[in-house]
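Undergrad: Just so it is clear, I am handing over query_1.cif, which has mmCIF, C-alpha atoms.
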```
data_work
#
loop_
_atom_site.group_PDB
_atom_site.id
_atom_site.type_symbol
_atom_site.label_atom_id
_atom_site.label_comp_id
_atom_site.auth_asym_id
_atom_site.auth_seq_id
_atom_site.Cartn_x
_atom_site.Cartn_y
_atom_site.Cartn_z
ATOM 1 C CA MET A 1491 -50.354 53.487 -227.144
ATOM 2 C CA SER A 1492 -51.875 51.977 -224.014
ATOM 3 C CA ASN A 1493 -50.365 52.405 -220.564
ATOM 4 C CA ASN A 1494 -49.480 48.707 -220.471
ATOM 5 C CA SER A 1495 -47.588 49.033 -223.762
ATOM 6 C CA LYS A 1496 -45.656 52.086 -222.492
ATOM 7 C CA THR A 1497 -44.729 50.302 -219.292
ATOM 8 C CA SER A 1498 -43.483 47.288 -221.234
ATOM 9 C CA LEU A 1499 -41.405 49.510 -223.549
ATOM 10 C CA VAL A 1500 -39.765 51.283 -220.599
ATOM 11 C CA ALA A 1501 -38.947 47.969 -218.963
ATOM 12 C CA VAL A 1502 -37.346 46.648 -222.171
ATOM 13 C CA LEU A 1503 -35.262 49.813 -222.659
ATOM 14 C CA GLY A 1504 -34.152 49.690 -219.034
ATOM 15 C CA ALA A 1505 -33.128 46.069 -219.355
ATOM 16 C CA ILE A 1506 -30.954 47.018 -222.357
ATOM 17 C CA ALA A 1507 -29.480 50.222 -220.908
ATOM 18 C CA ILE A 1508 -28.372 48.884 -217.501
ATOM 19 C CA PRO A 1509 -25.924 46.278 -218.873
ATOM 20 C CA VAL A 1510 -24.522 48.761 -221.420
ATOM 21 C CA VAL A 1511 -23.888 51.413 -218.737
ATOM 22 C CA SER A 1512 -22.361 48.806 -216.431
ATOM 23 C CA VAL A 1513 -19.951 47.620 -219.120
ATOM 24 C CA TYR A 1514 -18.984 51.239 -219.881
ATOM 25 C CA LEU A 1515 -18.290 52.051 -216.209
ATOM 26 C CA VAL A 1516 -16.192 48.910 -215.754
ATOM 27 C CA ALA A 1517 -14.198 49.797 -218.881
ATOM 28 C CA GLN A 1518 -13.596 53.338 -217.591
ATOM 29 C CA LEU A 1519 -12.496 52.044 -214.199
ATOM 30 C CA TRP A 1520 -10.049 49.615 -215.806
ATOM 31 C CA SER A 1521 -8.684 52.341 -218.088
ATOM 32 C CA SER A 1522 -8.188 54.721 -215.145
ATOM 33 C CA ALA A 1523 -6.419 52.084 -213.098
ATOM 34 C CA SER A 1524 -4.140 51.218 -216.010
ATOM 35 C CA THR A 1525 -3.104 54.800 -216.763
ATOM 36 C CA SER A 1526 -2.610 55.814 -213.161
ATOM 37 C CA SER A 1527 -0.639 52.761 -212.057
ATOM 38 C CA ALA A 1528 2.757 53.601 -210.587
ATOM 39 C CA ASP A 1529 5.814 53.455 -212.821
ATOM 40 C CA LEU A 1530 7.915 51.018 -210.816
ATOM 41 C CA GLY A 1531 10.997 52.126 -212.676
ATOM 42 C CA SER A 1532 10.696 55.785 -211.732
ATOM 43 C CA PRO A 1533 12.990 57.380 -209.104
ATOM 44 C CA ALA A 1534 9.934 58.062 -206.943
ATOM 45 C CA MET A 1535 9.387 54.328 -206.588
ATOM 46 C CA SER A 1536 12.968 53.449 -205.672
ATOM 47 C CA ALA A 1537 13.557 51.616 -202.391
ATOM 48 C CA GLU A 1538 15.190 54.705 -200.910
ATOM 49 C CA ALA A 1539 12.317 57.003 -201.900
ATOM 50 C CA VAL A 1540 9.655 54.640 -200.590
ATOM 51 C CA THR A 1541 11.532 54.161 -197.301
ATOM 52 C CA ALA A 1542 11.801 57.931 -196.864
ATOM 53 C CA ARG A 1543 8.037 58.343 -197.384
ATOM 54 C CA ILE A 1544 7.074 55.732 -194.798
ATOM 55 C CA GLN A 1545 9.436 56.830 -192.047
ATOM 56 C CA PRO A 1546 7.677 57.643 -188.752
ATOM 57 C CA VAL A 1547 6.494 61.218 -188.343
ATOM 58 C CA GLY A 1548 8.992 63.281 -186.367
ATOM 59 C CA LEU A 1549 12.035 61.153 -187.242
ATOM 60 C CA SER A 1550 15.020 63.482 -187.525
ATOM 61 C CA LYS A 1551 16.653 63.186 -190.929
ATOM 62 C CA ALA A 1552 19.859 64.347 -189.281
ATOM 63 C CA SER A 1553 19.951 61.071 -187.354
ATOM 64 C CA VAL A 1554 21.281 59.114 -190.323
ATOM 65 C CA PRO A 1555 24.470 57.212 -189.452
ATOM 66 C CA VAL A 1556 27.080 59.987 -189.463
ATOM 67 C CA ALA A 1557 29.933 60.467 -187.004
ATOM 68 C CA PRO A 1558 28.893 62.866 -184.184
ATOM 69 C CA GLY A 1559 29.566 66.433 -185.226
ATOM 70 C CA ALA A 1560 30.567 65.430 -188.760
ATOM 71 C CA ARG A 1561 27.522 66.690 -190.693
ATOM 72 C CA THR A 1562 28.244 69.418 -193.213
ATOM 73 C CA GLY A 1563 26.287 72.636 -193.427
ATOM 74 C CA GLU A 1564 24.541 71.410 -196.563
ATOM 75 C CA GLN A 1565 23.557 68.137 -194.886
ATOM 76 C CA VAL A 1566 22.122 69.935 -191.849
ATOM 77 C CA PHE A 1567 20.260 72.413 -194.054
ATOM 78 C CA THR A 1568 18.801 69.681 -196.269
ATOM 79 C CA ALA A 1569 17.758 67.515 -193.328
ATOM 80 C CA ILE A 1570 16.477 70.146 -190.887
ATOM 81 C CA CYS A 1571 16.657 73.828 -191.808
ATOM 82 C CA VAL A 1572 15.052 73.584 -195.253
ATOM 83 C CA SER A 1573 11.546 73.196 -193.805
ATOM 84 C CA CYS A 1574 11.565 76.875 -192.794
ATOM 85 C CA HIS A 1575 14.593 78.466 -194.473
ATOM 86 C CA GLY A 1576 13.732 76.861 -197.793
ATOM 87 C CA THR A 1577 10.201 78.275 -197.773
ATOM 88 C CA GLY A 1578 10.295 81.352 -195.551
ATOM 89 C CA ALA A 1579 7.859 79.734 -193.111
ATOM 90 C CA ALA A 1580 7.346 81.335 -189.678
ATOM 91 C CA GLY A 1581 9.246 84.425 -190.801
ATOM 92 C CA ALA A 1582 12.514 82.563 -191.383
ATOM 93 C CA PRO A 1583 14.834 84.303 -193.879
ATOM 94 C CA LYS A 1584 14.658 82.236 -197.052
ATOM 95 C CA VAL A 1585 17.956 80.952 -198.440
ATOM 96 C CA GLY A 1586 18.878 83.012 -201.479
ATOM 97 C CA ASP A 1587 16.989 86.093 -200.278
ATOM 98 C CA ASN A 1588 19.954 88.429 -199.865
ATOM 99 C CA ALA A 1589 17.803 91.313 -198.631
ATOM 100 C CA ALA A 1590 16.313 89.221 -195.833
ATOM 101 C CA TRP A 1591 19.693 87.878 -194.774
ATOM 102 C CA ALA A 1592 21.658 91.152 -194.945
ATOM 103 C CA PRO A 1593 20.652 92.553 -191.506
ATOM 104 C CA ARG A 1594 21.199 89.141 -189.935
ATOM 105 C CA LEU A 1595 24.611 88.610 -191.505
ATOM 106 C CA SER A 1596 25.671 92.049 -190.289
ATOM 107 C CA GLN A 1597 25.313 90.766 -186.711
ATOM 108 C CA GLY A 1598 28.188 88.344 -187.231
ATOM 109 C CA MET A 1599 28.558 84.598 -186.754
ATOM 110 C CA ALA A 1600 28.791 84.776 -182.947
ATOM 111 C CA THR A 1601 25.349 86.365 -182.613
ATOM 112 C CA LEU A 1602 23.769 84.163 -185.274
ATOM 113 C CA LEU A 1603 25.162 81.048 -183.599
ATOM 114 C CA ASP A 1604 23.909 82.197 -180.188
ATOM 115 C CA HIS A 1605 20.396 82.737 -181.570
ATOM 116 C CA ALA A 1606 20.392 79.427 -183.451
ATOM 117 C CA THR A 1607 21.641 77.294 -180.570
ATOM 118 C CA LYS A 1608 19.392 78.876 -177.940
ATOM 119 C CA GLY A 1609 16.368 79.496 -180.146
ATOM 120 C CA PHE A 1610 15.123 82.821 -181.478
ATOM 121 C CA LYS A 1611 11.527 84.009 -181.962
ATOM 122 C CA ALA A 1612 9.654 81.165 -183.730
ATOM 123 C CA MET A 1613 12.775 79.064 -184.229
ATOM 124 C CA PRO A 1614 13.407 76.403 -181.570
ATOM 125 C CA ALA A 1615 16.887 75.776 -180.190
ATOM 126 C CA ARG A 1616 19.099 74.083 -182.798
ATOM 127 C CA GLY A 1617 16.217 74.086 -185.235
ATOM 128 C CA GLY A 1618 14.432 71.509 -183.119
ATOM 129 C CA SER A 1619 17.285 68.959 -183.332
ATOM 130 C CA PRO A 1620 19.072 68.871 -179.945
ATOM 131 C CA ASP A 1621 21.588 66.314 -181.273
ATOM 132 C CA LEU A 1622 23.251 68.961 -183.455
ATOM 133 C CA THR A 1623 26.632 70.140 -182.192
ATOM 134 C CA ASP A 1624 27.592 73.822 -182.134
ATOM 135 C CA ASP A 1625 29.896 73.255 -185.106
ATOM 136 C CA GLU A 1626 27.119 71.625 -187.109
ATOM 137 C CA VAL A 1627 24.791 74.527 -186.377
ATOM 138 C CA ALA A 1628 27.556 76.951 -187.372
ATOM 139 C CA ARG A 1629 28.126 75.058 -190.608
ATOM 140 C CA ALA A 1630 24.429 75.265 -191.436
ATOM 141 C CA ILE A 1631 24.431 79.012 -190.732
ATOM 142 C CA ALA A 1632 27.500 79.503 -192.926
ATOM 143 C CA TYR A 1633 25.995 77.396 -195.712
ATOM 144 C CA MET A 1634 22.713 79.331 -195.712
ATOM 145 C CA GLY A 1635 24.375 82.715 -195.237
ATOM 146 C CA ASN A 1636 26.856 82.166 -198.042
ATOM 147 C CA LYS A 1637 23.992 81.197 -200.361
ATOM 148 C CA SER A 1638 22.414 84.531 -199.461
ATOM 149 C CA GLY A 1639 25.173 87.065 -200.056
ATOM 150 C CA GLY A 1640 27.385 86.311 -197.065
ATOM 151 C CA SER A 1641 30.995 85.203 -196.701
ATOM 152 C CA LEU A 1642 30.979 83.224 -193.479
ATOM 153 C CA THR A 1643 33.560 80.587 -192.622
ATOM 154 C CA GLU A 1644 32.117 77.111 -192.198
ATOM 155 C CA PRO A 1645 33.864 75.090 -189.447
ATOM 156 C CA LYS A 1646 35.732 72.189 -190.979
ATOM 157 C CA VAL A 1647 34.683 68.617 -190.343
ATOM 158 C CA ALA A 1648 37.398 66.792 -188.382
ATOM 159 C CA PRO A 1649 38.731 63.698 -190.169
ATOM 160 C CA ALA A 1650 37.669 60.332 -188.811
ATOM 161 C CA ALA A 1651 39.959 58.469 -186.444
ATOM 162 C CA GLY A 1652 42.999 57.233 -188.301
ATOM 163 C CA GLY A 1653 42.682 60.032 -190.837
ATOM 164 C CA ALA A 1654 40.364 60.349 -193.814
ATOM 165 C CA ALA A 1655 41.139 58.218 -196.805
ATOM 166 C CA LYS A 1656 42.588 60.164 -199.698
ATOM 167 C CA ILE A 1657 40.161 60.572 -202.581
ATOM 168 C CA ASP A 1658 41.633 59.424 -205.884
ATOM 169 C CA PRO A 1659 40.395 61.588 -208.781
ATOM 170 C CA ALA A 1660 41.053 58.713 -211.193
ATOM 171 C CA THR A 1661 38.473 56.526 -209.442
ATOM 172 C CA LYS A 1662 36.029 58.636 -207.415
ATOM 173 C CA GLY A 1663 36.237 61.489 -209.905
ATOM 174 C CA LYS A 1664 35.447 59.206 -212.823
ATOM 175 C CA GLU A 1665 32.549 57.684 -210.893
ATOM 176 C CA ILE A 1666 30.970 61.088 -210.156
ATOM 177 C CA TYR A 1667 31.567 62.292 -213.710
ATOM 178 C CA SER A 1668 29.772 59.235 -215.100
ATOM 179 C CA SER A 1669 26.809 59.495 -212.727
ATOM 180 C CA THR A 1670 26.327 63.270 -212.634
ATOM 181 C CA CYS A 1671 28.591 65.504 -214.713
ATOM 182 C CA SER A 1672 28.311 63.557 -217.976
ATOM 183 C CA ALA A 1673 24.698 64.721 -218.405
ATOM 184 C CA CYS A 1674 26.045 68.044 -219.684
ATOM 185 C CA HIS A 1675 29.809 67.661 -220.104
ATOM 186 C CA ALA A 1676 29.523 64.614 -222.386
ATOM 187 C CA THR A 1677 27.338 66.527 -224.835
ATOM 188 C CA GLY A 1678 28.199 70.185 -224.266
ATOM 189 C CA ALA A 1679 24.621 70.885 -223.172
ATOM 190 C CA ALA A 1680 23.806 74.317 -221.707
ATOM 191 C CA GLY A 1681 27.223 75.618 -222.734
ATOM 192 C CA ALA A 1682 29.178 73.140 -220.594
ATOM 193 C CA PRO A 1683 32.743 72.515 -221.847
ATOM 194 C CA LYS A 1684 32.622 69.116 -223.485
ATOM 195 C CA PHE A 1685 34.666 66.339 -221.878
ATOM 196 C CA GLY A 1686 38.027 66.049 -223.667
ATOM 197 C CA ASP A 1687 37.595 69.306 -225.629
ATOM 198 C CA LYS A 1688 40.982 70.905 -224.959
ATOM 199 C CA ALA A 1689 40.088 74.204 -226.624
ATOM 200 C CA ALA A 1690 36.938 74.635 -224.511
ATOM 201 C CA TRP A 1691 38.692 73.709 -221.287
ATOM 202 C CA ALA A 1692 41.884 75.738 -221.835
ATOM 203 C CA PRO A 1693 40.583 79.136 -220.605
ATOM 204 C CA ARG A 1694 38.970 77.473 -217.598
ATOM 205 C CA ILE A 1695 42.092 75.520 -216.691
ATOM 206 C CA GLY A 1696 44.040 78.757 -217.070
ATOM 207 C CA LYS A 1697 42.264 80.160 -214.005
ATOM 208 C CA GLY A 1698 43.915 77.547 -211.829
ATOM 209 C CA MET A 1699 42.523 74.395 -210.282
ATOM 210 C CA GLU A 1700 41.548 76.047 -206.997
ATOM 211 C CA ALA A 1701 39.495 78.773 -208.722
ATOM 212 C CA LEU A 1702 37.925 76.258 -211.095
ATOM 213 C CA ILE A 1703 36.822 73.979 -208.258
ATOM 214 C CA ALA A 1704 35.508 76.942 -206.228
ATOM 215 C CA SER A 1705 33.330 78.276 -209.064
ATOM 216 C CA ALA A 1706 32.033 74.814 -209.939
ATOM 217 C CA THR A 1707 31.200 74.100 -206.299
ATOM 218 C CA LYS A 1708 29.165 77.321 -205.992
ATOM 219 C CA GLY A 1709 27.556 76.951 -209.403
ATOM 220 C CA LEU A 1710 28.244 78.986 -212.518
ATOM 221 C CA ASN A 1711 25.938 80.224 -215.293
ATOM 222 C CA ALA A 1712 23.529 77.372 -216.107
ATOM 223 C CA MET A 1713 25.311 74.864 -213.869
ATOM 224 C CA PRO A 1714 23.801 74.408 -210.368
ATOM 225 C CA PRO A 1715 26.113 74.112 -207.324
ATOM 226 C CA LYS A 1716 28.332 71.036 -207.709
ATOM 227 C CA GLY A 1717 26.471 70.232 -210.900
ATOM 228 C CA GLY A 1718 23.637 68.881 -208.777
ATOM 229 C CA TYR A 1719 25.922 66.403 -206.965
ATOM 230 C CA SER A 1720 24.786 65.926 -203.349
ATOM 231 C CA GLY A 1721 27.969 64.383 -201.940
ATOM 232 C CA ALA A 1722 30.913 65.998 -200.183
ATOM 233 C CA ASP A 1723 32.787 68.947 -201.671
ATOM 234 C CA ALA A 1724 36.027 66.941 -201.684
ATOM 235 C CA GLU A 1725 34.381 64.219 -203.767
ATOM 236 C CA PHE A 1726 33.037 66.768 -206.246
ATOM 237 C CA ALA A 1727 36.505 68.339 -206.461
ATOM 238 C CA ALA A 1728 37.800 64.923 -207.531
ATOM 239 C CA ALA A 1729 35.323 64.950 -210.425
ATOM 240 C CA VAL A 1730 36.571 68.380 -211.552
ATOM 241 C CA GLU A 1731 40.173 67.178 -211.342
ATOM 242 C CA TYR A 1732 39.259 64.097 -213.352
ATOM 243 C CA MET A 1733 37.622 66.116 -216.150
ATOM 244 C CA VAL A 1734 40.556 68.537 -216.248
ATOM 245 C CA SER A 1735 43.068 65.669 -216.433
ATOM 246 C CA GLN A 1736 41.215 64.283 -219.456
ATOM 247 C CA SER A 1737 40.942 67.656 -221.178
ATOM 248 C CA LYS A 1738 44.490 69.036 -221.019
#
```
Could you render the structure as structure tokens?

TA:
Amino acid sequence: MSNNSKTSLVAVLGAIAIPVVSVYLVAQLWSSASTSSADLGSPAMSAEAVTARIQPVGLSKASVPVAPGARTGEQVFTAICVSCHGTGAAGAPKVGDNAAWAPRLSQGMATLLDHATKGFKAMPARGGSPDLTDDEVARAIAYMGNKSGGSLTEPKVAPAAGGAAKIDPATKGKEIYSSTCSACHATGAAGAPKFGDKAAWAPRIGKGMEALIASATKGLNAMPPKGGYSGADAEFAAAVEYMVSQSK
């Protein structure tokens, strides 16, 4: 075959191959975009989740509208302390690590509070959130310490002016059961006593309401603390009371 013939053959093959490759690449790009597109119905794409992701860097999560000094230990931990005490960063004792917390808990609340409010080693004063009150810092310490083998007393949150509204188990309790507790208690999943099953609930009710609420709040067996509910302890207690009232 002459050189001219070879050159012509290469040119023809190239003219055929380029469009085929182009079509293939476009098809792959379209397929990738289709499979990786966001699921707009997923929790990660909710308005709340998106807003949280686009908040300005350095915005204190503890600055959400809450009455001054009214944040619970769990709220302070989740908003501020978790960045170090949830990971062990900068030498912070990790929540749940009883061995790491033991020597600190032995110092007592007064010393722990003094260190936390003034700053200690790598930890800045009040965890870097100067708007925290002493009581809020103490609540966070108690929350973390009690999750790590301690038995500290968490300062109570003072009721709002005019007194806190009484929580009605028949309404708030039912609401929390439907949104959270029903995942296991409606089906008996993971050994949870099934809603309305008197025989399954009887030995639990026999321990007394106070003991039942306390164990459920801390978590028991396969159930996480408060069944995964992130609201106030008093609200979760209403859910327990509601389930008990329907299972006697």

Undergrad: Using the chain letters and numbers from the file, give me the residues hit by the PyMOL selection byres ((chain A and resi 1669) around 12), as a PyMOL selection string.

TA: chain A and resi 1662-1668+1670-1676+1717-1721+1726+1729

Undergrad: Those residues with C-alpha atoms, as a PDB file, keeping the file's coordinate frame please?

TA:
```pdb
ATOM      1  CA  LYS A1662      36.029  58.636-207.415  1.00  0.00           C
ATOM      2  CA  GLY A1663      36.237  61.489-209.905  1.00  0.00           C
ATOM      3  CA  LYS A1664      35.447  59.206-212.823  1.00  0.00           C
ATOM      4  CA  GLU A1665      32.549  57.684-210.893  1.00  0.00           C
ATOM      5  CA  ILE A1666      30.970  61.088-210.156  1.00  0.00           C
ATOM      6  CA  TYR A1667      31.567  62.292-213.710  1.00  0.00           C
ATOM      7  CA  SER A1668      29.772  59.235-215.100  1.00  0.00           C
ATOM      8  CA  THR A1670      26.327  63.270-212.634  1.00  0.00           C
ATOM      9  CA  CYS A1671      28.591  65.504-214.713  1.00  0.00           C
ATOM     10  CA  SER A1672      28.311  63.557-217.976  1.00  0.00           C
ATOM     11  CA  ALA A1673      24.698  64.721-218.405  1.00  0.00           C
ATOM     12  CA  CYS A1674      26.045  68.044-219.684  1.00  0.00           C
ATOM     13  CA  HIS A1675      29.809  67.661-220.104  1.00  0.00           C
ATOM     14  CA  ALA A1676      29.523  64.614-222.386  1.00  0.00           C
ATOM     15  CA  GLY A1717      26.471  70.232-210.900  1.00  0.00           C
ATOM     16  CA  GLY A1718      23.637  68.881-208.777  1.00  0.00           C
ATOM     17  CA  TYR A1719      25.922  66.403-206.965  1.00  0.00           C
ATOM     18  CA  SER A1720      24.786  65.926-203.349  1.00  0.00           C
ATOM     19  CA  GLY A1721      27.969  64.383-201.940  1.00  0.00           C
ATOM     20  CA  PHE A1726      33.037  66.768-206.246  1.00  0.00           C
ATOM     21  CA  ALA A1729      35.323  64.950-210.425  1.00  0.00           C
TER      22      ALA A1729
END
```

Undergrad: Contacts of stretch 1620-1631 of chain A at 10 Å or less, counting only C-alpha atoms, minus same-chain residues fewer than 6 places along, as a ChimeraX atom specification?

TA: /A:1550,1552-1553,1558-1568,1570-1571,1595,1599-1600,1602-1604,1606-1607,1614,1637,1642-1647

Undergrad: Nearest residue to A:Tyr1633 out of A:Gly1709, A:Gly1681, A:Pro1714, A:Gly1586, using all atoms listed in the file?

TA: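 Checking each candidate against A:Tyr1633, we get A:Gly1586 as the closest.
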
Undergrad: Could you please determine the separation between atom CA of A:Ala1706 and atom CA of A:Asn1588 in Å, to one decimal place?

TA: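 So the answer is 20.8 Å.
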
Undergrad: One number please: atom CA of A:Gly1640 to atom CA of A:Leu1702, in Å, one decimal.

TA: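 Those two atoms sit 20.2 Å apart.
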
Undergrad: Which value, in Å to one decimal, gives the distance between atom CA of A:Ala1582 and atom CA of A:Met1613?

TA: 8.0 Å

Undergrad: Evaluate the PyMOL selection byres ((chain A and resi 1695-1701) around 10) and record the selected residues as a PyMOL selection string, following the chain and residue labels used in the document.

TA: chain A and resi 1688+1690-1694+1702-1707+1727+1730-1731+1734-1735+1737-1738

Undergrad: Given all atoms listed in the file as the basis, pick out the residue of A:Gly1678, A:Ser1573, A:Phe1685, A:Lys1708 nearest to A:Ser1638.

TA: A:Lys1708
